[in-house]
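Asker: For reference, the file model04.cif (mmCIF, C-alpha atoms and all ligand atoms) is included below:
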data_data
loop_
_atom_site.label_atom_id
_atom_site.label_comp_id
_atom_site.auth_asym_id
_atom_site.auth_seq_id
_atom_site.Cartn_x
_atom_site.Cartn_y
_atom_site.Cartn_z
CA MET G 1 18.38 -39.20 17.81
CA PRO G 2 16.07 -41.31 15.59
CA GLU G 3 16.50 -41.06 11.83
CA TYR G 4 13.32 -39.75 10.20
CA PHE G 5 14.36 -40.07 6.56
CA PRO G 6 16.20 -43.41 6.40
CA GLU G 7 15.52 -43.77 2.66
CA VAL G 8 18.20 -41.13 2.04
CA SER G 9 21.38 -42.14 3.82
CA GLU G 10 23.78 -39.59 2.30
CA PRO G 11 23.22 -35.94 1.38
CA ILE G 12 21.76 -35.66 -2.15
CA GLN G 13 24.58 -35.23 -4.68
CA TYR G 14 24.90 -33.60 -8.08
CA ALA G 15 25.13 -36.48 -10.56
CA GLY G 16 24.80 -34.60 -13.86
CA PRO G 17 22.16 -34.60 -16.62
CA LYS G 18 23.01 -38.13 -17.86
CA SER G 19 22.44 -39.79 -14.49
CA ASN G 20 19.53 -42.19 -14.09
CA LYS G 21 19.49 -41.84 -10.31
CA ALA G 22 16.16 -40.47 -9.08
CA LEU G 23 17.54 -39.19 -5.79
CA ALA G 24 20.25 -36.98 -7.30
CA PHE G 25 20.49 -33.54 -8.84
CA LYS G 26 20.77 -33.54 -12.61
CA HIS G 27 21.23 -29.78 -12.96
CA TYR G 28 21.63 -28.20 -9.53
CA ASN G 29 25.35 -28.18 -8.92
CA PRO G 30 25.65 -25.91 -5.87
CA LYS G 31 29.32 -25.04 -6.44
CA LYS G 32 29.09 -24.37 -10.18
CA LYS G 33 29.82 -20.73 -11.00
CA ILE G 34 27.49 -18.75 -13.21
CA LEU G 35 28.07 -15.06 -13.90
CA GLY G 36 30.53 -14.83 -11.01
CA LYS G 37 28.44 -16.52 -8.29
CA THR G 38 27.78 -20.14 -7.40
CA MET G 39 24.39 -21.69 -8.14
CA ALA G 40 23.77 -21.95 -4.39
CA GLU G 41 24.48 -18.22 -3.96
CA HIS G 42 22.17 -17.26 -6.84
CA LEU G 43 19.25 -19.50 -5.98
CA LYS G 44 19.25 -19.45 -2.16
CA PHE G 45 16.81 -22.34 -1.84
CA SER G 46 14.64 -22.52 1.25
CA VAL G 47 12.33 -25.27 2.55
CA CYS G 48 9.07 -24.10 4.11
CA TYR G 49 8.24 -25.69 7.44
CA TRP G 50 4.46 -25.56 7.15
CA HIS G 51 3.83 -27.61 4.03
CA THR G 52 6.82 -29.90 4.23
CA PHE G 53 6.56 -30.91 7.88
CA MET G 54 3.16 -29.77 9.14
CA SER G 55 0.78 -30.74 6.37
CA THR G 56 -0.17 -34.34 5.95
CA GLY G 57 -2.38 -34.13 2.89
CA SER G 58 -5.71 -33.00 4.31
CA ASP G 59 -8.08 -31.17 1.95
CA PRO G 60 -11.65 -29.83 2.34
CA PHE G 61 -12.97 -33.33 1.59
CA GLY G 62 -10.82 -35.49 3.79
CA PRO G 63 -8.17 -35.71 6.49
CA GLY G 64 -4.44 -36.24 6.12
CA THR G 65 -3.12 -39.29 4.29
CA MET G 66 0.56 -39.07 5.22
CA LEU G 67 1.87 -40.94 8.24
CA ARG G 68 5.02 -39.41 9.65
CA THR G 69 7.03 -40.93 12.47
CA TYR G 70 7.78 -37.45 13.86
CA ASN G 71 4.03 -36.98 14.38
CA GLU G 72 3.80 -40.04 16.63
CA PRO G 73 4.55 -38.45 20.05
CA GLU G 74 1.21 -37.54 21.66
CA ASP G 75 2.47 -34.65 23.75
CA PRO G 76 2.36 -31.55 21.50
CA MET G 77 5.76 -30.25 22.62
CA GLU G 78 7.38 -33.67 22.14
CA GLN G 79 5.83 -33.81 18.69
CA ALA G 80 7.13 -30.32 17.93
CA LYS G 81 10.65 -31.34 18.98
CA ALA G 82 10.60 -34.52 16.92
CA THR G 83 9.35 -32.51 13.95
CA MET G 84 12.17 -30.02 14.30
CA ASP G 85 14.79 -32.78 14.52
CA ALA G 86 13.25 -34.25 11.37
CA ALA G 87 13.21 -30.87 9.62
CA PHE G 88 16.92 -30.25 10.13
CA GLU G 89 17.73 -33.82 9.10
CA PHE G 90 15.79 -33.12 5.90
CA PHE G 91 17.48 -29.74 5.22
CA SER G 92 20.91 -31.34 5.63
CA LYS G 93 20.17 -34.38 3.49
CA LEU G 94 18.66 -32.22 0.75
CA GLY G 95 21.48 -29.68 0.93
CA VAL G 96 19.44 -26.47 1.16
CA GLY G 97 20.87 -23.43 2.86
CA TYR G 98 17.67 -21.90 4.26
CA TRP G 99 14.33 -22.52 5.94
CA CYS G 100 11.18 -20.46 6.71
CA PHE G 101 8.52 -20.87 9.40
CA HIS G 102 5.40 -19.43 11.07
CA ASP G 103 5.46 -19.18 14.89
CA HIS G 104 2.94 -21.98 15.35
CA ASP G 105 4.50 -24.28 12.78
CA ILE G 106 7.42 -24.81 15.13
CA ALA G 107 5.61 -24.55 18.48
CA PRO G 108 2.05 -25.48 19.49
CA GLU G 109 -0.24 -22.63 20.48
CA GLY G 110 -0.88 -22.62 24.24
CA GLU G 111 -4.00 -21.72 26.24
CA THR G 112 -2.69 -18.18 26.72
CA LEU G 113 -0.30 -15.85 24.91
CA ALA G 114 2.23 -16.35 27.71
CA GLU G 115 2.12 -20.13 27.32
CA SER G 116 2.41 -19.84 23.54
CA ASN G 117 5.46 -17.64 23.96
CA ARG G 118 7.05 -20.14 26.35
CA ASN G 119 6.49 -22.91 23.78
CA ILE G 120 8.05 -20.75 21.08
CA ASP G 121 11.06 -19.99 23.28
CA ALA G 122 11.71 -23.68 23.92
CA MET G 123 11.54 -24.46 20.22
CA VAL G 124 13.69 -21.50 19.22
CA LYS G 125 16.36 -22.80 21.58
CA LEU G 126 16.31 -26.13 19.75
CA ALA G 127 16.25 -24.41 16.34
CA LYS G 128 19.31 -22.39 17.30
CA LYS G 129 21.17 -25.55 18.24
CA HIS G 130 20.26 -27.19 14.93
CA GLN G 131 21.16 -24.08 12.92
CA ARG G 132 24.59 -24.01 14.55
CA ALA G 133 25.15 -27.73 13.96
CA THR G 134 24.03 -27.75 10.31
CA GLY G 135 24.85 -24.24 9.06
CA VAL G 136 21.28 -23.91 7.74
CA LYS G 137 20.05 -20.32 8.02
CA LEU G 138 16.67 -18.70 8.45
CA LEU G 139 15.50 -16.93 5.27
CA TRP G 140 12.47 -15.44 7.02
CA GLY G 141 10.08 -15.89 9.89
CA THR G 142 6.42 -14.97 10.17
CA SER G 143 3.40 -15.24 12.41
CA ASN G 144 0.26 -17.24 11.70
CA LEU G 145 -2.55 -14.68 12.02
CA PHE G 146 -5.18 -16.69 10.16
CA SER G 147 -5.75 -20.18 11.62
CA ASN G 148 -7.04 -19.50 15.15
CA ARG G 149 -10.78 -18.67 15.30
CA ARG G 150 -10.01 -15.30 16.93
CA PHE G 151 -8.63 -14.23 13.54
CA MET G 152 -11.69 -15.27 11.53
CA ALA G 153 -12.41 -11.61 10.65
CA GLY G 154 -8.76 -10.71 10.14
CA ALA G 155 -5.92 -9.67 12.41
CA ALA G 156 -4.88 -6.01 11.95
CA THR G 157 -8.12 -5.40 10.02
CA ASN G 158 -10.35 -7.09 12.60
CA PRO G 159 -13.40 -5.10 13.75
CA SER G 160 -12.26 -5.81 17.33
CA PRO G 161 -9.34 -3.79 18.76
CA GLU G 162 -8.65 -6.71 21.11
CA VAL G 163 -7.88 -8.95 18.17
CA TYR G 164 -5.63 -6.20 16.76
CA ALA G 165 -3.79 -6.19 20.10
CA TYR G 166 -3.46 -9.99 20.11
CA ALA G 167 -2.12 -9.95 16.56
CA ALA G 168 0.38 -7.22 17.46
CA SER G 169 1.57 -9.29 20.43
CA LYS G 170 2.12 -12.30 18.21
CA VAL G 171 3.98 -10.32 15.57
CA LYS G 172 6.12 -8.70 18.28
CA LYS G 173 7.18 -12.14 19.49
CA ALA G 174 7.68 -13.51 15.99
CA ILE G 175 9.96 -10.58 15.04
CA GLU G 176 11.95 -11.11 18.25
CA VAL G 177 12.55 -14.79 17.57
CA THR G 178 13.31 -14.17 13.90
CA LYS G 179 16.01 -11.78 15.10
CA GLU G 180 17.22 -14.32 17.67
CA LEU G 181 17.62 -16.92 14.91
CA GLY G 182 19.50 -14.49 12.67
CA GLY G 183 16.65 -14.35 10.13
CA ALA G 184 17.38 -12.38 6.95
CA GLY G 185 13.77 -11.27 6.68
CA TYR G 186 10.26 -11.24 8.07
CA VAL G 187 7.11 -11.81 5.97
CA PHE G 188 3.66 -10.28 6.37
CA TRP G 189 1.10 -12.34 4.52
CA GLY G 190 -2.33 -10.94 5.31
CA GLY G 191 -4.06 -14.30 5.66
CA ARG G 192 -7.49 -12.86 6.41
CA GLU G 193 -6.80 -9.14 5.92
CA GLY G 194 -9.69 -8.58 3.57
CA TYR G 195 -13.39 -9.29 3.58
CA ASP G 196 -15.97 -11.94 2.89
CA THR G 197 -18.72 -9.36 2.26
CA LEU G 198 -18.69 -5.57 2.02
CA LEU G 199 -22.11 -5.56 3.74
CA ASN G 200 -20.36 -5.82 7.13
CA THR G 201 -17.07 -4.10 6.31
CA ASP G 202 -15.71 -0.59 6.92
CA MET G 203 -12.99 -0.77 4.28
CA GLU G 204 -11.54 2.68 4.90
CA ARG G 205 -11.05 1.96 8.59
CA GLU G 206 -9.62 -1.51 7.98
CA LEU G 207 -7.04 -0.15 5.54
CA ASP G 208 -6.02 2.54 8.04
CA HIS G 209 -5.62 -0.11 10.73
CA LEU G 210 -3.46 -2.27 8.48
CA GLY G 211 -1.30 0.76 7.70
CA ARG G 212 -0.97 1.55 11.40
CA PHE G 213 -0.16 -2.08 12.27
CA LEU G 214 2.66 -2.31 9.74
CA GLY G 215 3.96 1.10 10.86
CA GLN G 216 4.04 -0.14 14.46
CA ALA G 217 5.90 -3.26 13.34
CA VAL G 218 8.53 -1.04 11.65
CA GLU G 219 8.86 1.02 14.86
CA TYR G 220 9.37 -2.12 16.93
CA LYS G 221 11.85 -3.59 14.46
CA GLU G 222 13.93 -0.42 14.74
CA LYS G 223 13.58 -0.33 18.50
CA ILE G 224 15.03 -3.83 18.96
CA GLY G 225 17.57 -3.43 16.16
CA PHE G 226 16.29 -6.19 13.88
CA LYS G 227 18.22 -5.66 10.65
CA GLY G 228 16.29 -8.16 8.49
CA GLN G 229 14.14 -7.08 5.56
CA PHE G 230 10.35 -6.78 5.95
CA TYR G 231 8.30 -8.21 3.09
CA ILE G 232 4.65 -8.15 2.12
CA GLU G 233 3.41 -11.20 0.24
CA PRO G 234 0.60 -10.29 -2.16
CA LYS G 235 -2.39 -12.59 -2.65
CA PRO G 236 -5.71 -11.54 -4.17
CA LYS G 237 -8.14 -13.95 -2.48
CA GLU G 238 -8.33 -17.16 -0.44
CA PRO G 239 -9.16 -17.53 2.35
CA THR G 240 -11.19 -14.31 2.08
CA LYS G 241 -13.13 -13.25 -1.01
CA HIS G 242 -10.89 -10.22 -1.37
CA GLN G 243 -7.51 -9.64 0.26
CA TYR G 244 -6.18 -6.08 0.53
CA ASP G 245 -2.65 -7.18 -0.49
CA PHE G 246 -4.17 -8.14 -3.85
CA ASP G 247 -1.09 -8.01 -6.05
CA ALA G 248 2.29 -6.30 -6.30
CA ALA G 249 0.79 -3.06 -7.60
CA ALA G 250 -1.89 -2.89 -4.88
CA CYS G 251 0.73 -3.52 -2.17
CA HIS G 252 3.01 -0.89 -3.66
CA ALA G 253 0.21 1.71 -3.70
CA PHE G 254 -0.78 0.79 -0.14
CA LEU G 255 2.79 1.12 1.15
CA GLN G 256 3.14 4.51 -0.53
CA LYS G 257 -0.14 5.77 0.93
CA TYR G 258 0.94 4.87 4.47
CA ASP G 259 4.52 6.11 3.98
CA LEU G 260 5.97 2.62 4.47
CA VAL G 261 7.46 2.01 1.05
CA ASP G 262 11.09 2.38 2.19
CA HIS G 263 10.64 -0.28 4.86
CA PHE G 264 9.25 -3.13 2.78
CA LYS G 265 9.98 -5.26 -0.26
CA LEU G 266 7.67 -7.82 -1.83
CA ASN G 267 7.69 -11.59 -1.48
CA ILE G 268 6.23 -12.69 -4.79
CA GLU G 269 4.49 -16.07 -4.90
CA SER G 270 3.89 -17.69 -8.29
CA ASN G 271 0.50 -19.22 -7.50
CA HIS G 272 -0.72 -15.98 -5.92
CA ALA G 273 0.19 -14.15 -9.13
CA THR G 274 -1.96 -16.48 -11.21
CA LEU G 275 -4.86 -16.18 -8.73
CA ALA G 276 -4.67 -12.42 -9.37
CA ALA G 277 -4.99 -13.15 -13.11
CA HIS G 278 -1.36 -12.14 -13.66
CA THR G 279 1.60 -14.25 -14.64
CA PHE G 280 4.35 -14.93 -12.08
CA ILE G 281 6.62 -13.06 -14.49
CA HIS G 282 4.36 -10.01 -14.48
CA GLU G 283 4.50 -9.77 -10.69
CA LEU G 284 8.29 -10.15 -10.65
CA GLU G 285 8.70 -7.56 -13.38
CA TYR G 286 6.39 -5.09 -11.62
CA ALA G 287 8.30 -5.54 -8.37
CA ALA G 288 11.69 -5.20 -10.09
CA ALA G 289 10.59 -2.10 -12.02
CA ASN G 290 9.69 -0.42 -8.72
CA ASP G 291 12.72 -1.62 -6.76
CA MET G 292 10.42 -3.77 -4.63
CA LEU G 293 11.67 -7.25 -5.51
CA GLY G 294 12.69 -8.95 -2.28
CA SER G 295 12.06 -12.67 -2.17
CA VAL G 296 10.08 -15.41 -3.92
CA ASP G 297 7.70 -18.14 -2.80
CA ALA G 298 8.35 -20.58 -5.61
CA ASN G 299 5.50 -22.88 -6.56
CA ARG G 300 2.86 -23.21 -9.27
CA GLY G 301 -0.88 -23.56 -9.64
CA ASP G 302 -2.90 -25.75 -11.94
CA LEU G 303 -4.33 -24.24 -15.11
CA LEU G 304 -7.71 -25.88 -14.50
CA ILE G 305 -8.01 -25.44 -10.72
CA GLY G 306 -9.04 -22.06 -9.37
CA TRP G 307 -7.38 -22.15 -5.95
CA ASP G 308 -3.89 -22.04 -4.46
CA THR G 309 -2.71 -25.59 -5.17
CA ASP G 310 0.87 -24.82 -4.07
CA GLN G 311 2.50 -27.38 -6.34
CA PHE G 312 6.25 -27.69 -6.76
CA PRO G 313 7.61 -25.65 -9.69
CA THR G 314 8.64 -27.76 -12.68
CA ASP G 315 8.02 -25.52 -15.70
CA ILE G 316 11.44 -24.73 -17.24
CA ARG G 317 10.14 -21.83 -19.33
CA GLU G 318 8.68 -20.12 -16.26
CA CYS G 319 11.79 -20.78 -14.15
CA THR G 320 13.94 -19.35 -16.96
CA LEU G 321 11.90 -16.16 -17.26
CA ALA G 322 11.77 -15.76 -13.47
CA MET G 323 15.54 -16.11 -13.13
CA TYR G 324 16.00 -13.76 -16.09
CA ILE G 325 14.16 -11.00 -14.22
CA ILE G 326 15.88 -11.80 -10.92
CA LEU G 327 19.36 -11.76 -12.54
CA ARG G 328 18.61 -8.56 -14.44
CA ALA G 329 17.51 -6.95 -11.16
CA GLY G 330 20.90 -7.80 -9.63
CA GLY G 331 19.96 -11.09 -7.92
CA PHE G 332 18.67 -11.77 -4.43
CA LYS G 333 20.00 -9.65 -1.59
CA THR G 334 18.16 -10.66 1.58
CA GLY G 335 15.67 -12.93 -0.20
CA GLY G 336 15.75 -16.32 -1.89
CA LEU G 337 13.62 -19.03 -3.46
CA ASN G 338 11.39 -20.49 -0.78
CA PHE G 339 9.40 -23.55 -1.86
CA ASP G 340 5.96 -22.65 -0.54
CA ALA G 341 4.77 -25.93 -2.02
CA LYS G 342 3.32 -29.21 -0.91
CA VAL G 343 3.36 -32.72 -2.30
CA ARG G 344 0.04 -34.07 -3.57
CA ARG G 345 -2.30 -35.96 -1.26
CA GLN G 346 -1.40 -39.31 -2.80
CA SER G 347 2.35 -38.72 -2.46
CA ILE G 348 2.33 -40.24 0.98
CA ASP G 349 5.93 -41.35 1.48
CA THR G 350 8.67 -39.22 3.00
CA VAL G 351 10.77 -39.96 -0.09
CA ASP G 352 8.19 -37.96 -2.08
CA LEU G 353 9.37 -34.86 -0.19
CA PHE G 354 12.85 -35.44 -1.62
CA HIS G 355 11.60 -36.06 -5.17
CA ALA G 356 9.53 -32.88 -5.01
CA HIS G 357 12.35 -30.64 -3.80
CA ILE G 358 14.98 -32.21 -6.06
CA GLY G 359 12.77 -31.64 -9.11
CA ALA G 360 12.05 -28.03 -8.17
CA MET G 361 15.71 -27.28 -7.45
CA ASP G 362 16.74 -28.82 -10.77
CA ALA G 363 14.03 -26.82 -12.58
CA PHE G 364 15.33 -23.54 -11.13
CA ALA G 365 18.96 -24.56 -11.78
CA ARG G 366 18.05 -25.03 -15.45
CA GLY G 367 16.16 -21.75 -15.32
CA LEU G 368 19.26 -20.03 -13.94
CA GLU G 369 21.57 -21.49 -16.61
CA ASN G 370 19.15 -20.60 -19.41
CA ALA G 371 18.57 -17.12 -18.05
CA ALA G 372 22.29 -16.43 -17.68
CA LYS G 373 22.86 -17.42 -21.32
CA LEU G 374 19.90 -15.39 -22.55
CA LEU G 375 21.00 -12.37 -20.55
CA SER G 376 24.61 -12.66 -21.74
CA SER G 377 23.45 -12.85 -25.35
CA LYS G 378 21.70 -9.49 -24.80
CA LYS G 379 19.25 -10.53 -27.55
CA LEU G 380 16.13 -9.38 -25.71
CA GLU G 381 17.88 -6.37 -24.16
CA LYS G 382 19.12 -5.18 -27.55
CA PHE G 383 15.69 -5.57 -29.10
CA ILE G 384 14.04 -3.58 -26.32
CA GLN G 385 16.76 -0.92 -26.45
CA LYS G 386 16.17 -0.47 -30.17
CA ARG G 387 12.40 -0.43 -29.71
CA TYR G 388 12.65 2.51 -27.31
CA ALA G 389 15.61 4.23 -29.02
CA GLY G 390 13.40 7.17 -29.98
CA TRP G 391 13.52 8.24 -26.34
CA ASP G 392 17.34 8.47 -26.24
CA LYS G 393 17.64 11.55 -28.45
CA GLY G 394 15.67 14.26 -30.20
CA LEU G 395 11.96 14.42 -29.41
CA GLY G 396 11.94 11.53 -26.88
CA ALA G 397 14.86 12.91 -24.88
CA LYS G 398 13.18 16.33 -24.79
CA ILE G 399 9.88 14.83 -23.51
CA GLU G 400 11.68 12.79 -20.83
CA SER G 401 13.60 15.85 -19.66
CA GLY G 402 10.32 17.76 -19.26
CA ALA G 403 11.18 20.26 -22.01
CA MET G 404 8.02 19.68 -24.07
CA ASP G 405 4.60 20.80 -22.86
CA PHE G 406 1.31 19.90 -24.59
CA GLU G 407 1.49 22.96 -26.83
CA ALA G 408 5.01 22.12 -27.96
CA LEU G 409 3.95 18.51 -28.59
CA GLU G 410 1.05 19.75 -30.71
CA SER G 411 3.35 21.99 -32.77
CA TYR G 412 5.72 19.08 -33.30
CA THR G 413 2.91 16.83 -34.48
CA LEU G 414 1.46 19.48 -36.78
CA GLU G 415 4.87 19.93 -38.35
CA HIS G 416 5.89 16.23 -38.62
CA GLY G 417 2.56 14.54 -39.37
CA GLU G 418 1.85 10.80 -38.92
CA PRO G 419 4.33 8.92 -36.67
CA LYS G 420 6.35 5.98 -38.05
CA VAL G 421 5.33 2.66 -36.42
CA GLN G 422 7.31 -0.58 -35.98
CA SER G 423 6.55 -4.29 -35.54
CA GLY G 424 6.56 -5.69 -31.99
CA ARG G 425 8.11 -8.96 -33.37
CA GLN G 426 6.49 -11.04 -30.64
CA GLU G 427 6.74 -14.32 -32.55
CA MET G 428 10.40 -13.80 -33.38
CA LEU G 429 11.14 -13.07 -29.71
CA GLU G 430 9.23 -16.18 -28.59
CA ASN G 431 11.36 -18.20 -31.01
CA ILE G 432 14.51 -16.69 -29.51
CA LEU G 433 13.38 -17.60 -26.00
CA ASN G 434 12.69 -21.19 -27.07
CA GLU G 435 16.27 -21.49 -28.35
CA TYR G 436 17.42 -21.07 -24.75
CA LEU G 437 15.12 -23.59 -23.04
C1 LIG R 501 -0.51 -18.67 1.87
C2 LIG R 501 0.94 -18.41 1.87
C3 LIG R 501 1.59 -18.35 3.21
C4 LIG R 501 2.68 -17.35 3.31
C5 LIG R 501 3.26 -17.20 4.69
O1 LIG R 501 -1.07 -18.74 0.62
O2 LIG R 501 1.55 -18.31 0.83
O3 LIG R 501 2.06 -19.62 3.51
O4 LIG R 501 3.73 -17.63 2.45
O5 LIG R 501 2.29 -16.91 5.64
CO CO R 502 3.56 -18.03 0.42
#
Go ahead and render the structure in this file as structure tokens.
Ligand code: XUL
Ligand code: CO
Answerer:
Amino acid sequence: MPEYFPEVSEPIQYAGPKSNKALAFKHYNPKKKILGKTMAEHLKFSVCYWHTFMSTGSDPFGPGTMLRTYNEPEDPMEQAKATMDAAFEFFSKLGVGYWCFHDHDIAPEGETLAESNRNIDAMVKLAKKHQRATGVKLLWGTSNLFSNRRFMAGAATNPSPEVYAYAASKVKKAIEVTKELGGAGYVFWGGREGYDTLLNTDMERELDHLGRFLGQAVEYKEKIGFKGQFYIEPKPKEPTKHQYDFDAAACHAFLQKYDLVDHFKLNIESNHATLAAHTFIHELEYAAANDMLGSVDANRGDLLIGWDTDQFPTDIRECTLAMYIILRAGGFKTGGLNFDAKVRRQSIDTVDLFHAHIGAMDAFARGLENAAKLLSSKKLEKFIQKRYAGWDKGLGAKIESGAMDFEALESYTLEHGEPKVQSGRQEMLENILNEYL
């Protein structure tokens, strides 16, 4: 088999923070134990197939810039096979435990659904062989329901029932192969489930269709005995003007309305959070507070660019806060940290893929170490506990237990007068956080 990443001859090693080696981990030490688990077990890093192996740097103003030897075969299936060989070589050399894919990242779409499915089957066979040989596991699978022109007006929310049927057929197949590959989860990202203009949109009907579609997916999952976790990945806009899975709260409300909330968790993506005018941390916290935190698409946006730039995460403060919430919520169960991120258009060499992933893995390793220390110190926990202590006894406890109605609350206030107020101490808390970065 040809070698696709000859610039890295040995798997990337942990060399420690003092090392000057660029192709080495300075902080990610997979075997190091933190709060009873290894770093690898906490972080569960995953490489995404689409950006890392399928994108070559094209943007709305120009074509790809990156020449990859695995893209050289002209026959689409030969190219797909070379790409998969390259992908598993990359996973092994980088030392990640997981990968994620869309159906048509790994296999070219055929002229018909049947041909597409045959292509997928051939590639799944090869993926299975590589998984066995390398030990790399599938974090989640998904179906691309947004690139083909048939999906221009959405998939489950398409005005045409025939498109709904096509989308269902693709999801059916994608769930089957995710199961076949032992996938720990399956993601629904509603790529065009939304609208470009309300002037042509029956929103009520589209939402009902999306609810039905996801319900049918749950039925099929149970029918075939797929034990993986279903996730919805919120995103507020792009490619459509408005996407129904706007943010964690909108997804949560939607799942409750259609009685699906017990069957799904959320896959929170950092750059989608910021597009929704939230912080990544807000979305994680909302998901955790509602027992909906499932998995993470780790990346970042650019403060000055208004679209999904999908850059590799490098901000230690953000990684620390993210890991703080994830640790406090009990850590990942089925999910992990999937790098839904791509190298910049000028980063044209395959070695740039290593630099990008190494940097992001080191950033989250530092985040994990900082978060574990901050959590163990209980400094923020204790402050919050004290801030809400009024609810643990007396009046607060009575309100929480439902023992005080509005009349009783009025009597209390008339008797006790003006409430005592306390400082929020934001600046002091920010200083504490900085001590841990
Ligand atoms: C798009 C996005 C997708 C999903 C999977 O913004 O994040 O790649 O993660 O379909
Ligand atoms: Co994503």
Asker: Write out as a PyMOL selection string each polymer residue (protein, DNA or RNA) that has an atom no more than 9 Å from ligand LIG 501 (chain R), with only C-alpha atoms and all ligand atoms counted.
Answerer: chain G and resi 48+50-51+100-102+141-146+187-191+233-235+238-239+267+269+271-272+297+308+310+338+340-341
Asker: Using atom CA of His282 of chain G and atom CA of Glu318 of chain G as the two end points, give the distance in Å to one decimal.
Answerer: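 If I compute the distance from atom CA of His282 of chain G to atom CA of Glu318 of chain G, I get 11.1 Å.
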Asker: Taking all atoms of segment 133-142 of chain G that the file lists and extending 3 Å past them on each side, where is the centre of the axis-aligned box and how long are its edges? Answer in Å to one decimal, as AutoDock Vina command-line options.
Answerer:
--center_x 15.8 --center_y -21.4 --center_z 9.6 --size_x 24.7 --size_y 18.8 --size_z 14.7
Asker: Take atom CA of Phe45 of chain G and atom CA of Leu337 of chain G and report the distance between them in Å, one decimal.
Answerer: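 Going from atom CA of Phe45 of chain G over to atom CA of Leu337 of chain G, I get 4.9 Å.
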Asker: Given only C-alpha atoms and all ligand atoms as the basis, pick out the residue of G:Thr178, G:Thr69, G:Asn299, G:Asn158 nearest to ligand CO 502 (chain R).
Answerer: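 Of all the options, G:Asn299 lies closest to ligand CO 502 (chain R).
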Asker: What lies within 8 Å of Thr314 of chain G using all atoms listed in the file, ignoring chain neighbours under 3 positions off, as number ranges by chain?
Answerer: G: 319, 359-360, 363
Asker: Just the residues within 8 Å of Ser295 of chain G, please, counting only C-alpha atoms, with nothing from its chain fewer than 4 positions along; format it as a ChimeraX atom specification.
Answerer: /G:231,265-268,332,334-338
Asker: How far is it from atom CA of Pro11 of chain G to atom CA of Ile358 of chain G, in Å with one decimal?
Answerer: 11.7 Å
Asker: Segment 23-28 of chain G: which residues within 9 Å, counting all atoms listed in the file, same-chain residues fewer than 4 positions away excluded, as an mmCIF file with C-alpha atoms, in the coordinates of the input?
Answerer:
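Result written to part08.cif:
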data_model
loop_
_atom_site.group_PDB
_atom_site.id
_atom_site.type_symbol
_atom_site.label_atom_id
_atom_site.label_comp_id
_atom_site.auth_asym_id
_atom_site.auth_seq_id
_atom_site.Cartn_x
_atom_site.Cartn_y
_atom_site.Cartn_z
ATOM 1 C CA VAL G 8 18.200 -41.130 2.040
ATOM 2 C CA ILE G 12 21.760 -35.660 -2.150
ATOM 3 C CA GLN G 13 24.580 -35.230 -4.680
ATOM 4 C CA TYR G 14 24.900 -33.600 -8.080
ATOM 5 C CA ALA G 15 25.130 -36.480 -10.560
ATOM 6 C CA GLY G 16 24.800 -34.600 -13.860
ATOM 7 C CA PRO G 17 22.160 -34.600 -16.620
ATOM 8 C CA LYS G 18 23.010 -38.130 -17.860
ATOM 9 C CA SER G 19 22.440 -39.790 -14.490
ATOM 10 C CA LYS G 32 29.090 -24.370 -10.180
ATOM 11 C CA MET G 39 24.390 -21.690 -8.140
ATOM 12 C CA ALA G 40 23.770 -21.950 -4.390
ATOM 13 C CA VAL G 351 10.770 -39.960 -0.090
ATOM 14 C CA PHE G 354 12.850 -35.440 -1.620
ATOM 15 C CA HIS G 355 11.600 -36.060 -5.170
ATOM 16 C CA ILE G 358 14.980 -32.210 -6.060
ATOM 17 C CA GLY G 359 12.770 -31.640 -9.110
ATOM 18 C CA MET G 361 15.710 -27.280 -7.450
ATOM 19 C CA ASP G 362 16.740 -28.820 -10.770
ATOM 20 C CA ALA G 363 14.030 -26.820 -12.580
ATOM 21 C CA PHE G 364 15.330 -23.540 -11.130
ATOM 22 C CA ALA G 365 18.960 -24.560 -11.780
ATOM 23 C CA ARG G 366 18.050 -25.030 -15.450
#
Asker: Check the smallest atom-to-atom distance from each of G:Leu198, G:Leu113, G:Val296, G:Leu284 to ligand CO 502 (chain R) using only C-alpha atoms and all ligand atoms, then report the winner.
Answerer: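 Under the stated criterion, the closest residue is G:Val296.
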Asker: As a list in words, please: the residues near Asp202 of chain G (cut-off 12 Å, all atoms listed in the file, same-chain neighbours under 5 positions excluded).
Answerer: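 The residues that qualify are Thr157, Asn158, Pro159, Gly194, Tyr195, Thr197, Leu207, Asp208 and His209 of chain G.
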Asker: Give me the residues within 10 Å of segment 147-150 of chain G as a PyMOL selection string, counting only C-alpha atoms and dropping any in the same chain fewer than 4 places off.
Answerer: chain G and resi 104+109+154-155+158+160+162-163+166-167+191-192
Asker: Around (3.5, -40.6, 6.9) in the file's own coordinates, what residues are found within 12 Å if you use all atoms listed in the file, given back as an NGL selection string?
Answerer: :G and (4-5 or 52-57 or 64-72 or 345-353)
Asker: Could you list as a PyMOL selection string every residue that has an atom within 12 Å of (20.3, -9.2, -24.1), using the file's coordinates and counting all atoms listed in the file?
Answerer: chain G and resi 324-325+327-328+371-386+429+432-433
